[in-house]
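Enquirer: Mind looking over this structure? Questions follow.
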Amino acid sequence: MKITLEIPDSSLSITKERPHEFARSLRVAAAVKWYELGKISQSKAAELIGCSRIELFNHLQEYGVPLVQLDVDDLERELADSRI
């Protein structure tokens, strides 16, 4: 699917990226944020970016997003299961 966004020229000058690089940066930022929010999985984030999961892990690290997303309830379940 192709989606067209209108971006002010000044946005490109801020990042000093070419249009295709800027588009990829937007996809990376969206995928990383949606993964961080728990809206998409690692595999879907990698698919959206068009990269491998290893490359996704590098993007997550660049943005300071933990590789594993657990909330308190998930963590408590994991700890309880490991004690059995």
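Going by the structure tokens order, chains are called A, B, ..., each with residues numbered from 1, while ligands are numbered from 1 in the order shown.
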Among chain A, which ones does DSSP assign to helix (DSSP H, G or I) (computed from the backbone)? Answer as a PyMOL selection string.

Expert: chain A and resi 9-15+19-36+42-49+53-63+72-83

Enquirer: Can you tell me, as a list in words, what residues are no more than 10 Å from Val68 (chain A) when counting only C-alpha atoms, ignoring any on the same chain fewer than 4 positions away?

Expert: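 So, after excluding close chain neighbours, the residues are Tyr35, Glu36 and Gln42 of chain A.
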
Enquirer: Measuring atom to atom with only C-alpha atoms, identify which of A:Asp73, A:Glu62, A:Asp9, A:Glu17 is nearest to Val32 (chain A).

Expert: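 Checking each candidate against Val32 (chain A), we get A:Glu62 as the closest.
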
Enquirer: Write out as a PDB file with N, CA and C atoms, in the first residue's frame the residues lying within 12 Å of Val65 (chain A), counting only C-alpha atoms and excluding same-chain residues fewer than 6 positions away.

Expert:
ATOM      1  N   ALA A  29      10.453   5.456  13.178  1.00  0.00           N
ATOM      2  CA  ALA A  29       9.939   6.109  14.390  1.00  0.00           C
ATOM      3  C   ALA A  29       8.552   5.593  14.746  1.00  0.00           C
ATOM      4  N   ALA A  31       7.145   2.669  13.851  1.00  0.00           N
ATOM      5  CA  ALA A  31       7.213   1.256  14.236  1.00  0.00           C
ATOM      6  C   ALA A  31       7.769   1.087  15.642  1.00  0.00           C
ATOM      7  N   VAL A  32       8.820   1.826  15.961  1.00  0.00           N
ATOM      8  CA  VAL A  32       9.425   1.735  17.295  1.00  0.00           C
ATOM      9  C   VAL A  32       8.436   2.210  18.364  1.00  0.00           C
ATOM     10  N   LYS A  33       7.778   3.313  18.107  1.00  0.00           N
ATOM     11  CA  LYS A  33       6.823   3.842  19.092  1.00  0.00           C
ATOM     12  C   LYS A  33       5.640   2.902  19.269  1.00  0.00           C
ATOM     13  N   TRP A  34       5.094   2.378  18.174  1.00  0.00           N
ATOM     14  CA  TRP A  34       3.954   1.459  18.270  1.00  0.00           C
ATOM     15  C   TRP A  34       4.353   0.175  18.987  1.00  0.00           C
ATOM     16  N   TYR A  35       5.592  -0.282  18.762  1.00  0.00           N
ATOM     17  CA  TYR A  35       6.072  -1.452  19.503  1.00  0.00           C
ATOM     18  C   TYR A  35       6.177  -1.119  20.991  1.00  0.00           C
ATOM     19  N   GLU A  36       6.738   0.038  21.296  1.00  0.00           N
ATOM     20  CA  GLU A  36       6.882   0.466  22.693  1.00  0.00           C
ATOM     21  C   GLU A  36       5.523   0.531  23.393  1.00  0.00           C
ATOM     22  N   LEU A  37       4.505   0.970  22.690  1.00  0.00           N
ATOM     23  CA  LEU A  37       3.153   1.084  23.244  1.00  0.00           C
ATOM     24  C   LEU A  37       2.407  -0.249  23.271  1.00  0.00           C
ATOM     25  N   GLY A  38       3.017  -1.283  22.704  1.00  0.00           N
ATOM     26  CA  GLY A  38       2.374  -2.597  22.692  1.00  0.00           C
ATOM     27  C   GLY A  38       1.319  -2.752  21.618  1.00  0.00           C
ATOM     28  N   GLN A  42       7.174  -7.368  17.478  1.00  0.00           N
ATOM     29  CA  GLN A  42       8.487  -7.148  16.865  1.00  0.00           C
ATOM     30  C   GLN A  42       8.457  -7.490  15.382  1.00  0.00           C
ATOM     31  N   LEU A  56      15.880  -4.354  13.626  1.00  0.00           N
ATOM     32  CA  LEU A  56      14.878  -3.746  14.506  1.00  0.00           C
ATOM     33  C   LEU A  56      15.453  -3.572  15.904  1.00  0.00           C
ATOM     34  N   PHE A  57      16.154  -4.597  16.404  1.00  0.00           N
ATOM     35  CA  PHE A  57      16.745  -4.498  17.738  1.00  0.00           C
ATOM     36  C   PHE A  57      17.687  -3.304  17.826  1.00  0.00           C
ATOM     37  N   ASN A  58      18.442  -3.046  16.757  1.00  0.00           N
ATOM     38  CA  ASN A  58      19.328  -1.877  16.725  1.00  0.00           C
ATOM     39  C   ASN A  58      18.532  -0.576  16.781  1.00  0.00           C
ATOM     40  N   HIS A  59      17.406  -0.520  16.047  1.00  0.00           N
ATOM     41  CA  HIS A  59      16.559   0.674  16.080  1.00  0.00           C
ATOM     42  C   HIS A  59      15.975   0.887  17.480  1.00  0.00           C
TER      43      HIS A  59
END

Enquirer: Quick one: residues within 12 Å of region 10-14 of chain A, only C-alpha atoms, excluding same-chain residues fewer than 6 positions away - as a PyMOL selection string?

Expert: chain A and resi 20-23+25-26

Enquirer: State, in Å with one decimal place, the distance from CA of Arg24 (chain A) to CA of Gln69 (chain A).

Expert: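 Answer for the CA of Arg24 (chain A) to CA of Gln69 (chain A) separation: 23.7 Å.
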